[in-house]
Amino acid sequence: MLLIKNGHIVDPFHGVDAVRDLAVSDDGTIIPAHLADAEGAEVIDAAGCIVAPGLVDMHVHFRDPGQTHKEDLVSGAYAAAAGGVTTAVCMANTSPAIDTPEAVRDILERAQGLPIHVIPCAAVTAGLKGQEPTDWAALIEAGAAALSDDGYPVMDASLMRRALKAAAAGGYLISSHCEDANLAGNHAVNEGAVSAQLGLPGRPAIAEEIMVARDLMLAEETGAHIHIAHVSTARSVALIEEAKRRGVRVTAETCPHYFALTEQYVLRRGAAARVNPPLRTEKDAAAIIAGLQNGVIDAIATDHAPHTAEEKALPLEQAPSGIPGLETALAAALTYLYHPGHLPLMTLVDLMSTAPAAILGLDKGRIGPGDEADIVIFDPEEEWVVNPARFYSRGKTSPFEGMRLKGRVKYTICRGRVVYRG
């Protein structure tokens with residue numbers, strides 16, 4: 001039994017925002033604190049801390065199978081736990097891709113012994129090549145949380161339309177990597193002032209926006225639920241807002257680096273700040289924050305995408321896109337959204353836990369009596385300096401390196417068991 005005392009509980013699902021005790025039974029479920037056996041319980045004094053539902057990260061890359069020199073299920077799960085994440089949805093761009101029911105079941109079976117819940121997202125197309133459809137219904141039946149070719153856009157509009165029609169009929173979610181590959185190329189930085197200063201071809205914002213517009217139209221026509229991944233531009237936010245007003249079934253996520261950082265960080269950090277989509281302008285970052293404030297953007301995910309130090313040490317134009325995000329996400333959100341007064345804690349917890357759980361149809365993101373005890377306890381005021389060498393992730397190259405963030409995970413509890421102590 002576990003007794004969490006004196007903590008400030010923030011639970012958007014149950015509408016709780018108050019200082020009170022919380023208890024966890026031996027079977028890993030939450031019970032009223034007055035029913036706990038205080039004498040036999042492990043006690044956590046959470047005075048001065050927030051007690052919230054464990055974070056639900058609907059977008060991570062655990063690189064397993066086939067790229068385990070970058071990350072694997074175990075290292076990714078421990079990195080998640082260190083970041084307060086108790087449920088992580090891993091994308092399908094592995095080697096081979098998670099594009100068969102057998103691959104989905106393999107991830108689920110190997111996830112059984114991990115410290116957190118790990119659920120795969122399965123591919124829309126075979127091998128993520130954008131040509132042949134996978135068996136969508138069989139992938140969902142095998143246990144995939146959703147379907148996505150994330151890492152690659154589905155360029156064939158006819159194929160995407162078919163997938164969305166099937167998703168509408170089957171009642172499942174497709175998450176879209178919105179980017180026109182022909183416009184984006186493999187360019188390392190946003191097209192604009194920084195690309196011009198570096199003398200490099202840029203990745204234009206329109207490459208994202210034109211695909212956001214296309215997939216919103218396809219979702220509207222088919223009646224499917226489309227989820228727009230890693231929104232990074234002001235116009236993408238505007239397009240999604242307009243679609244929501246029309247009643248399109250769309251949800252959207254962004255990532256901490258799109259509201260905390262801008263393209264200027266590429267000048268300071270080089271390949272450590274290379275992500276896809278790229279870091280954008282101050283105007284875009286402000287629009288992302290506004291989208292989080294007004295509910296246009298429904299969730300914050302990490303797009304955790306680790307690479308080896310050797311890969312990220314390559315010149316900017318040759319290095320791969322992606323950063324480890326699990327261990328900095330909550331702190332970055334607190335530092336750049338909560339402490340400046342952009343968002344209250346209740347909304348922030350909703351964006352990082354309750355809302356993504358609801359989008360995915362998962363019974364997570366809540367900590368009331370009878371719920372499974374997936375909990376994060378964090379001190380919103382504790383400051384710390386990011387040192388990627390201490391990450392649990394195998395990815396040690398972060399644009400947040402050396403930055404002082406305000407807010408730190410103290411405990412992560414999954415299935416009623418403490419899996420991280422900070």
# chains A, B, ... in the order shown; residues from 1 in each chain; ligands from 1
>>> residues_around(residues="Phe259 in chain A", least_positions_apart="2", cutoff="10 Å", atoms="only C-alpha atoms", output="list in words")
Ser232, Thr254, Cys255, Pro256, His257, Leu261, Thr262, Leu279, Arg280, Thr281, Glu282, Asp284, Ala285, Ala286, Ala287, Ile288, Ile289, Ala290, Leu292, Ala332, Ala333, Tyr336 and Leu337 of chain A
>>> closest_atom_pairs(of="range 366-390 of chain A", to="range 412-421 of chain A", cutoff="12 Å", atoms="only C-alpha atoms", output="CSV")
residue,atom,partner,partner_atom,distance
A:Ile367,CA,A:Gly416,CA,11.0
A:Gly370,CA,A:Gly416,CA,11.8
A:Asp371,CA,A:Arg415,CA,9.7
A:Glu372,CA,A:Arg415,CA,6.0
A:Ala373,CA,A:Gly416,CA,4.7
A:Asp374,CA,A:Cys414,CA,4.4
A:Ile375,CA,A:Ile413,CA,4.9
A:Val376,CA,A:Thr412,CA,4.6
A:Ile377,CA,A:Thr412,CA,6.4
A:Phe378,CA,A:Thr412,CA,8.7
>>> closest_atom_pairs(of="range 197-228 of chain A", to="range 143-153 of chain A", cutoff="10 Å", atoms="only C-alpha atoms", output="Markdown table")
| residue | atom | partner | partner_atom | distance |
| --- | --- | --- | --- | --- |
| A:Glu208 | CA | A:Pro153 | CA | 9.9 |
| A:Met211 | CA | A:Pro153 | CA | 8.6 |
| A:His227 | CA | A:Ser148 | CA | 9.5 |
>>> atom_distance(atom1="CA of Ala196 in chain A", atom2="CA of Arg235 in chain A")
21.5 Å
>>> closest_residue(among="A:Gly84, A:Pro53, A:Gly127, A:Gly422", to="Ser353 in chain A", atoms="only C-alpha atoms")
A:Pro53
>>> residues_around(residues="range 380-389 of chain A", least_positions_apart="2", cutoff="10 Å", atoms="only C-alpha atoms", output="PDB file with C-alpha atoms, in the first residue's frame")
ATOM      1  CA  GLY A  48       4.761  21.506  -2.067  1.00  0.00           C
ATOM      2  CA  CYS A  49       4.329  19.137  -5.015  1.00  0.00           C
ATOM      3  CA  ILE A  50       1.668  18.513  -7.623  1.00  0.00           C
ATOM      4  CA  PRO A 324      15.259  13.110 -27.044  1.00  0.00           C
ATOM      5  CA  GLU A 327      13.062  13.823 -19.850  1.00  0.00           C
ATOM      6  CA  THR A 328      12.647  17.544 -20.535  1.00  0.00           C
ATOM      7  CA  LEU A 330       7.217  18.449 -18.465  1.00  0.00           C
ATOM      8  CA  ALA A 331       9.865  20.847 -17.220  1.00  0.00           C
ATOM      9  CA  LEU A 334       6.140  24.303 -16.901  1.00  0.00           C
ATOM     10  CA  THR A 335       8.939  26.746 -17.708  1.00  0.00           C
ATOM     11  CA  TYR A 338       2.853  27.625 -16.721  1.00  0.00           C
ATOM     12  CA  HIS A 339       5.367  29.938 -15.073  1.00  0.00           C
ATOM     13  CA  LEU A 345      -1.741  23.762 -14.189  1.00  0.00           C
ATOM     14  CA  ILE A 377       4.455  13.814  -8.548  1.00  0.00           C
ATOM     15  CA  PHE A 378       6.416  16.918  -9.483  1.00  0.00           C
ATOM     16  CA  PHE A 391      19.453  11.006 -19.416  1.00  0.00           C
ATOM     17  CA  TYR A 392      18.102   7.477 -19.185  1.00  0.00           C
ATOM     18  CA  SER A 393      17.544   7.723 -22.924  1.00  0.00           C
ATOM     19  CA  ARG A 394      20.367   6.621 -25.193  1.00  0.00           C
ATOM     20  CA  GLY A 395      19.928   9.900 -27.016  1.00  0.00           C
ATOM     21  CA  LYS A 396      22.288  12.351 -25.324  1.00  0.00           C
ATOM     22  CA  THR A 397      22.087  15.326 -27.702  1.00  0.00           C
ATOM     23  CA  SER A 398      19.482  17.907 -26.705  1.00  0.00           C
ATOM     24  CA  PRO A 399      18.913  21.551 -27.668  1.00  0.00           C
ATOM     25  CA  PHE A 400      17.930  22.097 -24.027  1.00  0.00           C
ATOM     26  CA  GLU A 401      21.437  21.180 -22.811  1.00  0.00           C
ATOM     27  CA  GLY A 402      22.680  23.680 -20.261  1.00  0.00           C
ATOM     28  CA  MET A 403      19.311  25.402 -19.954  1.00  0.00           C
ATOM     29  CA  ARG A 404      17.819  26.072 -16.532  1.00  0.00           C
ATOM     30  CA  LEU A 405      14.276  24.705 -16.382  1.00  0.00           C
ATOM     31  CA  LYS A 406      11.767  25.192 -13.574  1.00  0.00           C
ATOM     32  CA  GLY A 407       9.817  22.106 -12.563  1.00  0.00           C
ATOM     33  CA  ARG A 408      11.070  18.620 -11.771  1.00  0.00           C
ATOM     34  CA  VAL A 409       9.638  15.125 -11.534  1.00  0.00           C
ATOM     35  CA  LYS A 410      10.048  13.684  -8.041  1.00  0.00           C
TER      36      LYS A 410
END
>>> residues_around(residues="range 246-252 of chain A", least_positions_apart="3", cutoff="10 Å", atoms="only C-alpha atoms", output="mmCIF file with all heavy atoms, in the first residue's frame")
data_model
loop_
_atom_site.group_PDB
_atom_site.id
_atom_site.type_symbol
_atom_site.label_atom_id
_atom_site.label_comp_id
_atom_site.auth_asym_id
_atom_site.auth_seq_id
_atom_site.Cartn_x
_atom_site.Cartn_y
_atom_site.Cartn_z
ATOM 1 N N LEU A 173 -8.273 5.798 -35.038
ATOM 2 C CA LEU A 173 -7.610 7.074 -35.267
ATOM 3 C C LEU A 173 -6.447 6.929 -36.240
ATOM 4 O O LEU A 173 -5.685 5.964 -36.176
ATOM 5 C CB LEU A 173 -7.074 7.610 -33.932
ATOM 6 C CG LEU A 173 -6.260 8.905 -33.953
ATOM 7 C CD1 LEU A 173 -7.164 10.104 -34.238
ATOM 8 C CD2 LEU A 173 -5.553 9.088 -32.608
ATOM 9 N N SER A 175 -3.130 9.200 -37.290
ATOM 10 C CA SER A 175 -2.295 10.353 -36.990
ATOM 11 C C SER A 175 -1.446 10.660 -38.210
ATOM 12 O O SER A 175 -0.783 9.771 -38.753
ATOM 13 C CB SER A 175 -1.400 10.068 -35.777
ATOM 14 O OG SER A 175 -0.521 11.144 -35.524
ATOM 15 N N SER A 176 -1.464 11.920 -38.640
ATOM 16 C CA SER A 176 -0.825 12.283 -39.899
ATOM 17 C C SER A 176 0.422 13.117 -39.693
ATOM 18 O O SER A 176 0.406 14.136 -39.002
ATOM 19 C CB SER A 176 -1.807 13.064 -40.781
ATOM 20 O OG SER A 176 -1.176 13.451 -41.987
ATOM 21 N N ASP A 215 -5.347 17.004 -45.518
ATOM 22 C CA ASP A 215 -5.872 15.963 -44.637
ATOM 23 C C ASP A 215 -7.104 16.428 -43.877
ATOM 24 O O ASP A 215 -7.989 15.622 -43.556
ATOM 25 C CB ASP A 215 -4.771 15.476 -43.698
ATOM 26 C CG ASP A 215 -3.790 14.556 -44.411
ATOM 27 O OD1 ASP A 215 -4.025 14.227 -45.591
ATOM 28 O OD2 ASP A 215 -2.776 14.171 -43.798
ATOM 29 N N LEU A 216 -7.203 17.716 -43.596
ATOM 30 C CA LEU A 216 -8.435 18.234 -42.998
ATOM 31 C C LEU A 216 -9.606 18.088 -43.969
ATOM 32 O O LEU A 216 -10.714 17.709 -43.574
ATOM 33 C CB LEU A 216 -8.257 19.695 -42.608
ATOM 34 C CG LEU A 216 -7.321 19.973 -41.432
ATOM 35 C CD1 LEU A 216 -7.094 21.469 -41.277
ATOM 36 C CD2 LEU A 216 -7.860 19.376 -40.138
ATOM 37 N N MET A 217 -9.362 18.360 -45.239
ATOM 38 C CA MET A 217 -10.420 18.209 -46.240
ATOM 39 C C MET A 217 -10.822 16.749 -46.398
ATOM 40 O O MET A 217 -12.008 16.420 -46.502
ATOM 41 C CB MET A 217 -9.957 18.791 -47.572
ATOM 42 C CG MET A 217 -9.796 20.306 -47.565
ATOM 43 S SD MET A 217 -9.092 20.941 -49.103
ATOM 44 C CE MET A 217 -10.484 20.656 -50.218
ATOM 45 N N LEU A 218 -9.841 15.857 -46.379
ATOM 46 C CA LEU A 218 -10.143 14.432 -46.500
ATOM 47 C C LEU A 218 -10.921 13.928 -45.281
ATOM 48 O O LEU A 218 -11.849 13.125 -45.413
ATOM 49 C CB LEU A 218 -8.855 13.629 -46.684
ATOM 50 C CG LEU A 218 -8.143 13.785 -48.023
ATOM 51 C CD1 LEU A 218 -6.807 13.052 -48.005
ATOM 52 C CD2 LEU A 218 -9.011 13.261 -49.168
ATOM 53 N N ALA A 219 -10.542 14.408 -44.103
ATOM 54 C CA ALA A 219 -11.263 14.009 -42.900
ATOM 55 C C ALA A 219 -12.697 14.531 -42.928
ATOM 56 O O ALA A 219 -13.635 13.832 -42.535
ATOM 57 C CB ALA A 219 -10.542 14.525 -41.658
ATOM 58 N N GLU A 220 -12.860 15.749 -43.408
ATOM 59 C CA GLU A 220 -14.206 16.315 -43.499
ATOM 60 C C GLU A 220 -15.066 15.520 -44.472
ATOM 61 O O GLU A 220 -16.236 15.228 -44.200
ATOM 62 C CB GLU A 220 -14.108 17.771 -43.958
ATOM 63 C CG GLU A 220 -15.433 18.506 -43.987
ATOM 64 C CD GLU A 220 -15.261 19.985 -44.225
ATOM 65 O OE1 GLU A 220 -14.247 20.393 -44.828
ATOM 66 O OE2 GLU A 220 -16.142 20.756 -43.808
ATOM 67 N N GLU A 221 -14.485 15.134 -45.586
ATOM 68 C CA GLU A 221 -15.243 14.410 -46.609
ATOM 69 C C GLU A 221 -15.586 12.993 -46.175
ATOM 70 O O GLU A 221 -16.658 12.479 -46.483
ATOM 71 C CB GLU A 221 -14.429 14.397 -47.916
ATOM 72 C CG GLU A 221 -15.194 13.914 -49.128
ATOM 73 C CD GLU A 221 -14.713 12.561 -49.619
ATOM 74 O OE1 GLU A 221 -13.679 12.078 -49.136
ATOM 75 O OE2 GLU A 221 -15.389 11.987 -50.486
ATOM 76 N N THR A 222 -14.668 12.344 -45.436
ATOM 77 C CA THR A 222 -14.885 10.953 -45.050
ATOM 78 C C THR A 222 -15.570 10.802 -43.697
ATOM 79 O O THR A 222 -16.066 9.723 -43.362
ATOM 80 C CB THR A 222 -13.543 10.205 -44.985
ATOM 81 O OG1 THR A 222 -12.691 10.851 -44.016
ATOM 82 C CG2 THR A 222 -12.848 10.201 -46.352
ATOM 83 N N GLY A 223 -15.558 11.860 -42.888
ATOM 84 C CA GLY A 223 -16.110 11.767 -41.541
ATOM 85 C C GLY A 223 -15.175 11.109 -40.544
ATOM 86 O O GLY A 223 -15.582 10.784 -39.427
ATOM 87 N N ALA A 224 -13.920 10.916 -40.926
ATOM 88 C CA ALA A 224 -12.953 10.242 -40.055
ATOM 89 C C ALA A 224 -12.381 11.203 -39.016
ATOM 90 O O ALA A 224 -12.417 12.424 -39.175
ATOM 91 C CB ALA A 224 -11.823 9.656 -40.894
ATOM 92 N N HIS A 225 -11.828 10.618 -37.970
ATOM 93 C CA HIS A 225 -11.078 11.381 -36.967
ATOM 94 C C HIS A 225 -9.625 11.408 -37.410
ATOM 95 O O HIS A 225 -8.953 10.384 -37.437
ATOM 96 C CB HIS A 225 -11.217 10.718 -35.597
ATOM 97 C CG HIS A 225 -10.434 11.401 -34.510
ATOM 98 N ND1 HIS A 225 -10.369 10.891 -33.236
ATOM 99 C CD2 HIS A 225 -9.675 12.532 -34.490
ATOM 100 C CE1 HIS A 225 -9.614 11.679 -32.486
ATOM 101 N NE2 HIS A 225 -9.178 12.688 -33.236
ATOM 102 N N ILE A 226 -9.140 12.594 -37.757
ATOM 103 C CA ILE A 226 -7.739 12.769 -38.131
ATOM 104 C C ILE A 226 -7.023 13.476 -36.989
ATOM 105 O O ILE A 226 -7.566 14.399 -36.368
ATOM 106 C CB ILE A 226 -7.608 13.582 -39.442
ATOM 107 C CG1 ILE A 226 -6.152 13.626 -39.933
ATOM 108 C CG2 ILE A 226 -8.116 15.017 -39.278
ATOM 109 C CD1 ILE A 226 -5.709 12.375 -40.604
ATOM 110 N N HIS A 227 -5.824 13.020 -36.690
ATOM 111 C CA HIS A 227 -4.995 13.668 -35.682
ATOM 112 C C HIS A 227 -3.773 14.238 -36.389
ATOM 113 O O HIS A 227 -3.055 13.509 -37.088
ATOM 114 C CB HIS A 227 -4.576 12.669 -34.604
ATOM 115 C CG HIS A 227 -3.732 13.277 -33.526
ATOM 116 N ND1 HIS A 227 -4.264 14.045 -32.514
ATOM 117 C CD2 HIS A 227 -2.389 13.246 -33.316
ATOM 118 C CE1 HIS A 227 -3.294 14.443 -31.718
ATOM 119 N NE2 HIS A 227 -2.147 13.982 -32.185
ATOM 120 N N ILE A 228 -3.529 15.528 -36.209
ATOM 121 C CA ILE A 228 -2.400 16.185 -36.857
ATOM 122 C C ILE A 228 -1.224 16.181 -35.885
ATOM 123 O O ILE A 228 -1.290 16.771 -34.804
ATOM 124 C CB ILE A 228 -2.738 17.626 -37.275
ATOM 125 C CG1 ILE A 228 -4.040 17.659 -38.088
ATOM 126 C CG2 ILE A 228 -1.572 18.223 -38.068
ATOM 127 C CD1 ILE A 228 -4.009 16.896 -39.381
ATOM 128 N N ALA A 229 -0.153 15.509 -36.274
ATOM 129 C CA ALA A 229 1.022 15.384 -35.411
ATOM 130 C C ALA A 229 1.891 16.641 -35.479
ATOM 131 O O ALA A 229 1.862 17.392 -36.453
ATOM 132 C CB ALA A 229 1.836 14.158 -35.824
ATOM 133 N N HIS A 230 2.656 16.843 -34.438
ATOM 134 C CA HIS A 230 3.703 17.876 -34.302
ATOM 135 C C HIS A 230 3.443 19.164 -35.101
ATOM 136 O O HIS A 230 4.210 19.540 -35.986
ATOM 137 C CB HIS A 230 5.078 17.306 -34.639
ATOM 138 C CG HIS A 230 5.178 16.385 -35.820
ATOM 139 N ND1 HIS A 230 4.726 16.726 -37.074
ATOM 140 C CD2 HIS A 230 5.697 15.131 -35.939
ATOM 141 C CE1 HIS A 230 4.956 15.733 -37.912
ATOM 142 N NE2 HIS A 230 5.538 14.753 -37.243
ATOM 143 N N VAL A 231 2.360 19.830 -34.757
ATOM 144 C CA VAL A 231 2.029 21.103 -35.403
ATOM 145 C C VAL A 231 3.111 22.138 -35.065
ATOM 146 O O VAL A 231 3.475 22.309 -33.897
ATOM 147 C CB VAL A 231 0.654 21.604 -34.934
ATOM 148 C CG1 VAL A 231 0.366 23.002 -35.467
ATOM 149 C CG2 VAL A 231 -0.432 20.626 -35.366
ATOM 150 N N SER A 236 -0.817 26.459 -39.808
ATOM 151 C CA SER A 236 -1.388 25.152 -39.468
ATOM 152 C C SER A 236 -2.402 25.297 -38.336
ATOM 153 O O SER A 236 -3.485 24.700 -38.370
ATOM 154 C CB SER A 236 -0.287 24.167 -39.058
ATOM 155 O OG SER A 236 0.522 23.801 -40.148
ATOM 156 N N VAL A 237 -2.049 26.099 -37.318
ATOM 157 C CA VAL A 237 -2.982 26.344 -36.213
ATOM 158 C C VAL A 237 -4.266 26.964 -36.739
ATOM 159 O O VAL A 237 -5.382 26.552 -36.371
ATOM 160 C CB VAL A 237 -2.335 27.236 -35.137
ATOM 161 C CG1 VAL A 237 -3.348 27.564 -34.035
ATOM 162 C CG2 VAL A 237 -1.112 26.560 -34.534
ATOM 163 N N ILE A 240 -6.440 24.411 -38.618
ATOM 164 C CA ILE A 240 -7.100 23.476 -37.704
ATOM 165 C C ILE A 240 -8.253 24.170 -36.975
ATOM 166 O O ILE A 240 -9.339 23.595 -36.804
ATOM 167 C CB ILE A 240 -6.078 22.889 -36.710
ATOM 168 C CG1 ILE A 240 -5.048 22.038 -37.463
ATOM 169 C CG2 ILE A 240 -6.773 22.062 -35.627
ATOM 170 C CD1 ILE A 240 -3.794 21.741 -36.664
ATOM 171 N N GLU A 241 -8.027 25.416 -36.568
ATOM 172 C CA GLU A 241 -9.089 26.167 -35.887
ATOM 173 C C GLU A 241 -10.308 26.327 -36.796
ATOM 174 O O GLU A 241 -11.453 26.113 -36.371
ATOM 175 C CB GLU A 241 -8.569 27.534 -35.467
ATOM 176 C CG GLU A 241 -9.587 28.362 -34.698
ATOM 177 C CD GLU A 241 -9.009 29.652 -34.170
ATOM 178 O OE1 GLU A 241 -7.961 30.105 -34.682
ATOM 179 O OE2 GLU A 241 -9.602 30.215 -33.235
ATOM 180 N N GLU A 242 -10.061 26.666 -38.046
ATOM 181 C CA GLU A 242 -11.161 26.828 -38.994
ATOM 182 C C GLU A 242 -11.894 25.507 -39.211
ATOM 183 O O GLU A 242 -13.128 25.460 -39.267
ATOM 184 C CB GLU A 242 -10.622 27.353 -40.321
ATOM 185 C CG GLU A 242 -11.691 27.578 -41.385
ATOM 186 C CD GLU A 242 -11.103 27.972 -42.725
ATOM 187 O OE1 GLU A 242 -9.868 28.021 -42.849
ATOM 188 O OE2 GLU A 242 -11.892 28.213 -43.651
ATOM 189 N N ALA A 243 -11.137 24.417 -39.328
ATOM 190 C CA ALA A 243 -11.761 23.104 -39.531
ATOM 191 C C ALA A 243 -12.614 22.704 -38.331
ATOM 192 O O ALA A 243 -13.703 22.143 -38.488
ATOM 193 C CB ALA A 243 -10.683 22.057 -39.798
ATOM 194 N N GLY A 291 -2.677 28.589 -29.633
ATOM 195 C CA GLY A 291 -3.472 27.405 -29.955
ATOM 196 C C GLY A 291 -3.663 26.485 -28.764
ATOM 197 O O GLY A 291 -4.714 25.843 -28.628
ATOM 198 N N LEU A 292 -2.674 26.426 -27.895
ATOM 199 C CA LEU A 292 -2.809 25.649 -26.665
ATOM 200 C C LEU A 292 -3.768 26.336 -25.706
ATOM 201 O O LEU A 292 -4.528 25.685 -24.986
ATOM 202 C CB LEU A 292 -1.439 25.474 -26.006
ATOM 203 C CG LEU A 292 -0.452 24.565 -26.752
ATOM 204 C CD1 LEU A 292 0.970 24.752 -26.217
ATOM 205 C CD2 LEU A 292 -0.864 23.098 -26.638
ATOM 206 N N GLY A 295 -7.552 25.949 -27.117
ATOM 207 C CA GLY A 295 -8.077 24.610 -27.350
ATOM 208 C C GLY A 295 -7.989 24.127 -28.783
ATOM 209 O O GLY A 295 -8.469 23.028 -29.093
ATOM 210 N N VAL A 296 -7.377 24.902 -29.658
ATOM 211 C CA VAL A 296 -7.183 24.425 -31.034
ATOM 212 C C VAL A 296 -6.216 23.248 -31.048
ATOM 213 O O VAL A 296 -6.427 22.260 -31.761
ATOM 214 C CB VAL A 296 -6.667 25.572 -31.938
ATOM 215 C CG1 VAL A 296 -6.319 25.042 -33.323
ATOM 216 C CG2 VAL A 296 -7.718 26.666 -32.044
ATOM 217 N N ILE A 297 -5.152 23.339 -30.268
ATOM 218 C CA ILE A 297 -4.213 22.227 -30.110
ATOM 219 C C ILE A 297 -4.613 21.474 -28.853
ATOM 220 O O ILE A 297 -4.727 22.044 -27.770
ATOM 221 C CB ILE A 297 -2.766 22.728 -30.023
ATOM 222 C CG1 ILE A 297 -2.400 23.492 -31.298
ATOM 223 C CG2 ILE A 297 -1.806 21.557 -29.807
ATOM 224 C CD1 ILE A 297 -1.035 24.131 -31.262
ATOM 225 N N ASP A 298 -4.835 20.177 -29.009
ATOM 226 C CA ASP A 298 -5.449 19.368 -27.951
ATOM 227 C C ASP A 298 -4.462 18.693 -27.017
ATOM 228 O O ASP A 298 -4.845 18.286 -25.920
ATOM 229 C CB ASP A 298 -6.310 18.272 -28.595
ATOM 230 C CG ASP A 298 -7.344 18.836 -29.540
ATOM 231 O OD1 ASP A 298 -7.022 19.006 -30.733
ATOM 232 O OD2 ASP A 298 -8.458 19.127 -29.090
ATOM 233 N N ALA A 299 -3.212 18.518 -27.448
ATOM 234 C CA ALA A 299 -2.282 17.710 -26.668
ATOM 235 C C ALA A 299 -0.847 18.178 -26.880
ATOM 236 O O ALA A 299 -0.514 18.766 -27.913
ATOM 237 C CB ALA A 299 -2.395 16.231 -27.056
ATOM 238 N N ILE A 300 -0.033 17.913 -25.885
ATOM 239 C CA ILE A 300 1.414 18.093 -25.993
ATOM 240 C C ILE A 300 2.049 16.711 -25.962
ATOM 241 O O ILE A 300 1.831 15.942 -25.026
ATOM 242 C CB ILE A 300 1.966 18.953 -24.848
ATOM 243 C CG1 ILE A 300 1.387 20.375 -24.919
ATOM 244 C CG2 ILE A 300 3.494 19.001 -24.885
ATOM 245 C CD1 ILE A 300 1.710 21.227 -23.709
ATOM 246 N N ALA A 301 2.787 16.388 -27.011
ATOM 247 C CA ALA A 301 3.543 15.136 -27.100
ATOM 248 C C ALA A 301 5.016 15.486 -27.238
ATOM 249 O O ALA A 301 5.368 16.641 -27.494
ATOM 250 C CB ALA A 301 3.070 14.316 -28.296
ATOM 251 N N ALA A 355 -6.172 14.631 -21.901
ATOM 252 C CA ALA A 355 -6.618 14.804 -23.286
ATOM 253 C C ALA A 355 -6.014 13.779 -24.244
ATOM 254 O O ALA A 355 -6.753 13.175 -25.034
ATOM 255 C CB ALA A 355 -6.334 16.227 -23.766
ATOM 256 N N PRO A 356 -4.691 13.546 -24.228
ATOM 257 C CA PRO A 356 -4.177 12.509 -25.130
ATOM 258 C C PRO A 356 -4.755 11.129 -24.853
ATOM 259 O O PRO A 356 -4.969 10.344 -25.780
ATOM 260 C CB PRO A 356 -2.658 12.549 -24.922
ATOM 261 C CG PRO A 356 -2.429 13.360 -23.710
ATOM 262 C CD PRO A 356 -3.597 14.266 -23.562
ATOM 263 N N ILE A 359 -8.091 11.147 -26.587
ATOM 264 C CA ILE A 359 -7.927 11.084 -28.047
ATOM 265 C C ILE A 359 -7.694 9.644 -28.489
ATOM 266 O O ILE A 359 -8.237 9.187 -29.495
ATOM 267 C CB ILE A 359 -6.771 11.989 -28.492
ATOM 268 C CG1 ILE A 359 -7.141 13.469 -28.301
ATOM 269 C CG2 ILE A 359 -6.409 11.731 -29.967
ATOM 270 C CD1 ILE A 359 -5.961 14.418 -28.436
#
>>> residues_around(residues="His187 in chain A", least_positions_apart="3", cutoff="9 Å", atoms="only C-alpha atoms", output="VMD selection string")
chain A and resid 184 190 to 191 200 to 203 278 317
>>> closest_residue(among="A:Asp350, A:Glu141, A:Glu71, A:Glu253", to="Arg366 in chain A", atoms="only C-alpha atoms")
A:Asp350
>>> closest_residue(among="A:Ala188, A:Val154, A:Leu128, A:Lys244", to="Arg214 in chain A", atoms="only C-alpha atoms")
A:Val154
>>> closest_residue(among="A:Ile44, A:Leu343, A:Val19, A:Val118", to="Phe62 in chain A", atoms="only C-alpha atoms")
A:Val118
>>> decode(residues="range 116-124 of chain A", atoms="N, CA, C and O atoms", output="mmCIF file, in the first residue's frame")
data_model
loop_
_atom_site.group_PDB
_atom_site.id
_atom_site.type_symbol
_atom_site.label_atom_id
_atom_site.label_comp_id
_atom_site.auth_asym_id
_atom_site.auth_seq_id
_atom_site.Cartn_x
_atom_site.Cartn_y
_atom_site.Cartn_z
ATOM 1 N N ILE A 116 6.628 1.159 -17.484
ATOM 2 C CA ILE A 116 5.454 1.936 -17.869
ATOM 3 C C ILE A 116 4.666 1.166 -18.921
ATOM 4 O O ILE A 116 5.101 0.127 -19.419
ATOM 5 N N HIS A 117 3.507 1.698 -19.293
ATOM 6 C CA HIS A 117 2.710 1.136 -20.376
ATOM 7 C C HIS A 117 3.289 1.615 -21.719
ATOM 8 O O HIS A 117 3.449 2.817 -21.921
ATOM 9 N N VAL A 118 3.564 0.685 -22.609
ATOM 10 C CA VAL A 118 4.017 1.028 -23.959
ATOM 11 C C VAL A 118 3.085 0.360 -24.957
ATOM 12 O O VAL A 118 2.861 -0.853 -24.900
ATOM 13 N N ILE A 119 2.522 1.169 -25.853
ATOM 14 C CA ILE A 119 1.569 0.678 -26.844
ATOM 15 C C ILE A 119 2.055 1.102 -28.218
ATOM 16 O O ILE A 119 2.417 2.270 -28.413
ATOM 17 N N PRO A 120 2.071 0.204 -29.195
ATOM 18 C CA PRO A 120 2.537 0.602 -30.520
ATOM 19 C C PRO A 120 1.477 1.329 -31.337
ATOM 20 O O PRO A 120 0.280 1.090 -31.196
ATOM 21 N N CYS A 121 1.947 2.207 -32.193
ATOM 22 C CA CYS A 121 1.153 2.778 -33.273
ATOM 23 C C CYS A 121 1.600 2.052 -34.533
ATOM 24 O O CYS A 121 2.806 1.907 -34.762
ATOM 25 N N ALA A 122 0.695 1.555 -35.319
ATOM 26 C CA ALA A 122 1.046 0.738 -36.479
ATOM 27 C C ALA A 122 0.980 1.560 -37.765
ATOM 28 O O ALA A 122 0.334 2.608 -37.842
ATOM 29 N N ALA A 123 1.652 1.057 -38.791
ATOM 30 C CA ALA A 123 1.815 1.791 -40.039
ATOM 31 C C ALA A 123 0.549 1.798 -40.887
ATOM 32 O O ALA A 123 -0.209 0.824 -40.918
ATOM 33 N N VAL A 124 0.345 2.887 -41.603
ATOM 34 C CA VAL A 124 -0.737 2.997 -42.585
ATOM 35 C C VAL A 124 -0.378 2.250 -43.863
ATOM 36 O O VAL A 124 -1.228 1.619 -44.491
#
